[in-house]
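J.: Let me give you the structure first, and then I'll get to my questions.
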Amino acid sequence: MIHILAVESSCDDTSAAVVKDGILLSNVTANQTIHEKYGGVVPELASRAHQANIVPVVDAALHEAGVSLSSIDAFAFTRGPGLLGSLLVGVSFAKGFALGRDIPLIEVNHLHGHIAALFLRKKGEQTSLPQFPFLTLLVSGGHTQIIRSKDFFDREILGETIDDAAGEAFDKTAKILGLPYPGGPLIDQYARRGRAIYTFPKPRVGDMSFSFSGLKTSILYFIRDSLKQNPNFIKENLYDICASVQKVIVDILTEKFLYAAKKTGIRELALAGGVSANSGLRERLQIEAQKHNFRLHIPPISYSTDNAAMIAIAGYHKFLRKEFSDQSVTAEARLQTN
Ligand code: KG4
Ligand code: ZN
């Protein structure tokens, strides 16, 4: 019996989870609401909140799993990429814990964690696992990538954004509209009540690359010009604006992902990262998958946004391969995918 305890603290969520023999026992996350009023994550406030939250969150994860400290076989943690001050809290905690208990330390790349979330199962859950090779559209607040996974540990980035991430496109639009951070979930919610009646130009970037900064600028100009005509434009048309913005982001992501599937001939597709919680993106990909006969895998929303369960399952697979880190391991804000 192998128990892995994991922490994730790369951005503004403090999370801890326990996995037993590859099965998820608990996943506890403390969200930081302090950033809402600043319109984005304030790194220093994030690291302080992680420090305050990490012990109670780990404690709650152990309690929920019904597992004692002494039965933990290894400690997994997010090494990067992310905010350095946030990562440092998790990395230091993991090192102290592993040293104190004399158990192996397992570093996990946050992006690998998002893909590993596709393999998360609770006891008795029977949902189908992705078959290798598969393509993942990894869409989060910091990344937008199409990744080919040949096996659990062999990954290749086929394309990525040349500027903003898809999550930033949502969050920056929300900021323009005066909505709190993070705006993605709110835009999703409002979009469901609106009609996509405004159109925005799609970027012209080659092959499997993405770009969202031009879109952000055209949204900014559109809102600015519309407000000149009608100072209540946002208030009166919020749902339609959100539906229109969501549609163009979903179109951009879907078209590139389908192109990648066609180009590689891979029919096994997966969605990962915080933006995969978007209902418009989920629905659209489900429709396209049915139409083109692809198998589409989407993790439950609680494993799409940042969480420690995904770090624990990635850590479990590394444990089986005895891929351990030593006490000299450091947090890496810019850790690459592979
Ligand atoms: O993976 P994640 O939790 O953190 C990062 O690693 O970045 O992703 C957070 C991002 C934020 O940009 C947030 O606005 C976006 O995911 N997001 C959404 C939705 N839920 C979260 N974007 C659109 N629709 C959603 N429902
Ligand atoms: Zn993430």
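Residues are named by chain letter and number: chains run A, B, ... in the order of the structure tokens, numbers start at 1 in each chain, and ligands are numbered from 1 in the order shown.
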Residues of range 187-303 of chain A that have any atom at most 12 Å from an atom of range 3-26 of chain A: could you tabulate them with the shortest-distance atom pair and the distance in Å to one decimal, using only C-alpha atoms, ordered by chain and increasing number, as a Markdown table?
T.:
```
| residue | atom | partner | partner_atom | distance |
| --- | --- | --- | --- | --- |
| A:Gly274 | CA | A:Asp13 | CA | 11.9 |
| A:Ser302 | CA | A:Ser15 | CA | 11.4 |
| A:Tyr303 | CA | A:Leu24 | CA | 11.1 |
```
J.: Do you know which residues are at most 6 Å from Ile147 in chain A counting only C-alpha atoms, after dropping those on the same chain fewer than 2 positions away, and could you put them as a ChimeraX atom specification?
T.: /A:135-136,156-158
J.: Which residues sit within 12 Å of ligand 2, counting only C-alpha atoms and all ligand atoms, listed as a VMD selection string?
T.: chain A and resid 8 to 15 78 80 to 83 109 to 117 138 to 144 165 167 272 to 277 302 to 308 310 to 311
J.: Running DSSP on the backbone, which parts of range 29-237 of chain A land in alpha helix (DSSP H), as an NGL selection string?
T.: :A and (43-65 or 84-101 or 110-116 or 166-176 or 184-191 or 213-229 or 233-237)
J.: Would you please give, as a list in words, all residues of range 128-316 of chain A that DSSP assigns to strand (DSSP E) based on the backbone?
T.: Phe134, Leu135, Thr136, Leu137, Leu138, Val139, Thr144, Gln145, Ile146, Ile147, Arg148, Ser149, Lys150, Asp151, Asp154, Arg155, Glu156, Ile157, Leu158, Gly159, Glu160, Glu268, Leu269, Ala270, Leu271, Ala272, Arg295, Leu296 and His297 of chain A
J.: Nearest to ligand 1: which of A:Phe210, A:Tyr239, A:Tyr190, A:Phe200 is it, counting only C-alpha atoms and all ligand atoms?
T.: A:Tyr190
J.: List the spatial neighbours of Ser149 in chain A as an NGL selection string - criterion: any atom at most 6 Å away, only C-alpha atoms, same-chain residues fewer than 3 positions off excluded.
T.: :A and (133-134 or 154-155)
J.: Would you save the residues from that selection as a short mmCIF file (atom, residue, chain, number, x, y, z; two decimals), in the first residue's frame, using all heavy atoms?
T.:
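selection-v5.cif, freshly written:
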```
data_model
loop_
_atom_site.label_atom_id
_atom_site.label_comp_id
_atom_site.auth_asym_id
_atom_site.auth_seq_id
_atom_site.Cartn_x
_atom_site.Cartn_y
_atom_site.Cartn_z
N PRO A 133 -1.03 7.21 -27.71
CA PRO A 133 -0.74 8.62 -27.50
C PRO A 133 -2.02 9.45 -27.51
O PRO A 133 -2.95 9.12 -28.22
CB PRO A 133 0.14 8.96 -28.72
CG PRO A 133 -0.37 8.06 -29.80
CD PRO A 133 -0.83 6.80 -29.12
N PHE A 134 -2.04 10.52 -26.73
CA PHE A 134 -3.20 11.42 -26.79
C PHE A 134 -2.73 12.87 -26.83
O PHE A 134 -1.59 13.18 -26.47
CB PHE A 134 -4.17 11.16 -25.63
CG PHE A 134 -3.64 11.46 -24.26
CD1 PHE A 134 -3.78 12.73 -23.70
CD2 PHE A 134 -3.01 10.48 -23.50
CE1 PHE A 134 -3.30 13.01 -22.43
CE2 PHE A 134 -2.52 10.75 -22.22
CZ PHE A 134 -2.67 12.02 -21.69
N ASP A 154 6.43 10.84 -21.20
CA ASP A 154 7.05 11.32 -22.44
C ASP A 154 6.09 12.27 -23.14
O ASP A 154 5.10 11.85 -23.73
CB ASP A 154 7.39 10.11 -23.33
CG ASP A 154 8.25 10.53 -24.51
OD1 ASP A 154 8.50 11.74 -24.66
OD2 ASP A 154 8.67 9.64 -25.28
N ARG A 155 6.41 13.56 -23.04
CA ARG A 155 5.50 14.57 -23.60
C ARG A 155 6.25 15.50 -24.55
O ARG A 155 7.45 15.72 -24.40
CB ARG A 155 4.92 15.45 -22.48
CG ARG A 155 4.09 14.74 -21.49
CD ARG A 155 3.62 15.68 -20.40
NE ARG A 155 4.70 16.31 -19.66
CZ ARG A 155 5.39 15.70 -18.71
NH1 ARG A 155 5.10 14.46 -18.39
NH2 ARG A 155 6.37 16.32 -18.09
#
```
J.: Point out the residue among A:Tyr181, A:Tyr38, A:Phe132, A:Phe77 with the least atom-to-atom distance to ligand 1, counting only C-alpha atoms and all ligand atoms.
T.: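 Under the stated criterion, the closest residue is A:Tyr181.
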J.: Hey, which of A:Arg334, A:Arg192, A:His317, A:Arg282 ends up closest to Asp151 in chain A? Count only C-alpha atoms.
T.: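 Of all the options, A:His317 lies closest to Asp151 in chain A.
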J.: Any idea what's packed within 9 Å of Ile176 in chain A, counting only C-alpha atoms, ignoring anything in its chain fewer than 6 positions away? Could you give it as a count of residues only?
T.: 3
J.: Which residue is closest to ligand 1? Choose from A:Arg101, A:Arg48, A:Lys172, A:His35 and count only C-alpha atoms and all ligand atoms.
T.: A:Lys172
J.: Find the residue from A:Gln229, A:Asp240, A:Pro185, A:Ala174 that sits nearest to Thr199 in chain A; use only C-alpha atoms when measuring.
T.: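 Between A:Gln229, A:Asp240, A:Pro185, A:Ala174, the residue approaching Thr199 in chain A most closely is A:Asp240.
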J.: Just the residues within 10 Å of range 253-256 of chain A, please, counting only C-alpha atoms, with nothing from its chain fewer than 4 positions along; format it as number ranges by chain.
T.: A: 137, 139, 144-146, 159, 166, 206-210, 247-249, 260-262, 281-282, 284-285, 288
J.: Please save N, CA, C and O atoms of the selected residues as a CSV table (one decimal), in the first residue's frame.
T.:
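Wrote part_25.csv, looks like this:
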```csv
chain,number,residue,atom,x,y,z
A,137,LEU,N,-5.2,19.7,-24.8
A,137,LEU,CA,-5.3,21.1,-24.9
A,137,LEU,C,-5.2,21.6,-23.5
A,137,LEU,O,-6.1,21.4,-22.7
A,139,VAL,N,-5.1,24.5,-21.1
A,139,VAL,CA,-5.5,25.9,-21.1
A,139,VAL,C,-5.6,26.4,-19.6
A,139,VAL,O,-6.5,26.0,-18.9
A,144,THR,N,-1.1,28.1,-22.6
A,144,THR,CA,-2.0,27.6,-23.6
A,144,THR,C,-1.2,26.7,-24.5
A,144,THR,O,-0.3,27.3,-25.3
A,145,GLN,N,-1.3,25.4,-24.4
A,145,GLN,CA,-0.4,24.6,-25.2
A,145,GLN,C,-1.2,23.4,-25.7
A,145,GLN,O,-2.2,22.9,-25.1
A,146,ILE,N,-0.7,22.8,-26.8
A,146,ILE,CA,-1.2,21.5,-27.3
A,146,ILE,C,0.0,20.6,-27.1
A,146,ILE,O,1.1,20.8,-27.6
A,159,GLY,N,2.5,23.0,-29.9
A,159,GLY,CA,2.2,24.4,-30.1
A,159,GLY,C,1.8,25.1,-28.9
A,159,GLY,O,1.3,24.5,-27.9
A,166,ALA,N,-4.9,31.6,-22.7
A,166,ALA,CA,-6.4,31.7,-22.8
A,166,ALA,C,-7.0,32.3,-21.5
A,166,ALA,O,-8.0,33.1,-21.6
A,206,GLY,N,0.6,31.0,-37.2
A,206,GLY,CA,0.7,29.7,-37.9
A,206,GLY,C,0.6,28.4,-37.1
A,206,GLY,O,0.6,28.4,-35.9
A,207,ASP,N,0.3,27.4,-37.9
A,207,ASP,CA,0.3,26.0,-37.4
A,207,ASP,C,-0.4,25.8,-36.1
A,207,ASP,O,-1.6,26.2,-36.0
A,208,MET,N,0.3,25.4,-35.0
A,208,MET,CA,-0.4,25.1,-33.8
A,208,MET,C,-0.2,26.1,-32.7
A,208,MET,O,-0.4,25.9,-31.5
A,209,SER,N,0.3,27.3,-33.1
A,209,SER,CA,0.5,28.4,-32.2
A,209,SER,C,-0.8,29.2,-31.9
A,209,SER,O,-1.7,29.1,-32.7
A,210,PHE,N,-0.8,29.8,-30.8
A,210,PHE,CA,-1.9,30.6,-30.4
A,210,PHE,C,-1.5,32.1,-30.1
A,210,PHE,O,-0.3,32.3,-29.8
A,247,LYS,N,-17.2,33.1,-27.1
A,247,LYS,CA,-17.4,32.4,-28.4
A,247,LYS,C,-16.0,32.5,-29.2
A,247,LYS,O,-15.6,31.5,-29.7
A,248,VAL,N,-15.5,33.7,-29.2
A,248,VAL,CA,-14.3,33.8,-30.1
A,248,VAL,C,-13.1,33.1,-29.4
A,248,VAL,O,-12.3,32.4,-30.1
A,249,ILE,N,-13.0,33.1,-28.1
A,249,ILE,CA,-11.9,32.3,-27.5
A,249,ILE,C,-12.1,30.8,-27.7
A,249,ILE,O,-11.2,30.1,-28.0
A,260,ALA,N,-4.7,20.2,-34.9
A,260,ALA,CA,-3.7,19.4,-34.4
A,260,ALA,C,-4.0,17.9,-34.5
A,260,ALA,O,-3.2,17.1,-34.8
A,261,ALA,N,-5.3,17.6,-34.2
A,261,ALA,CA,-5.8,16.2,-34.2
A,261,ALA,C,-5.7,15.7,-35.7
A,261,ALA,O,-5.2,14.6,-35.9
A,262,LYS,N,-6.0,16.6,-36.6
A,262,LYS,CA,-6.0,16.2,-38.0
A,262,LYS,C,-4.6,16.0,-38.5
A,262,LYS,O,-4.2,15.0,-39.1
A,281,LEU,N,-16.5,25.8,-23.8
A,281,LEU,CA,-15.4,25.0,-24.4
A,281,LEU,C,-15.7,23.6,-24.3
A,281,LEU,O,-15.5,22.8,-25.2
A,282,ARG,N,-16.2,23.2,-23.1
A,282,ARG,CA,-16.5,21.8,-22.9
A,282,ARG,C,-17.6,21.3,-23.9
A,282,ARG,O,-17.4,20.3,-24.6
A,284,ARG,N,-18.6,22.7,-26.7
A,284,ARG,CA,-18.1,22.7,-28.1
A,284,ARG,C,-17.2,21.5,-28.5
A,284,ARG,O,-17.4,20.9,-29.5
A,285,LEU,N,-16.3,21.2,-27.6
A,285,LEU,CA,-15.4,20.1,-27.9
A,285,LEU,C,-16.2,18.8,-27.9
A,285,LEU,O,-15.8,17.9,-28.6
A,288,GLU,N,-17.8,18.6,-31.2
A,288,GLU,CA,-16.9,18.3,-32.3
A,288,GLU,C,-16.3,16.8,-32.2
A,288,GLU,O,-16.1,16.2,-33.2
```
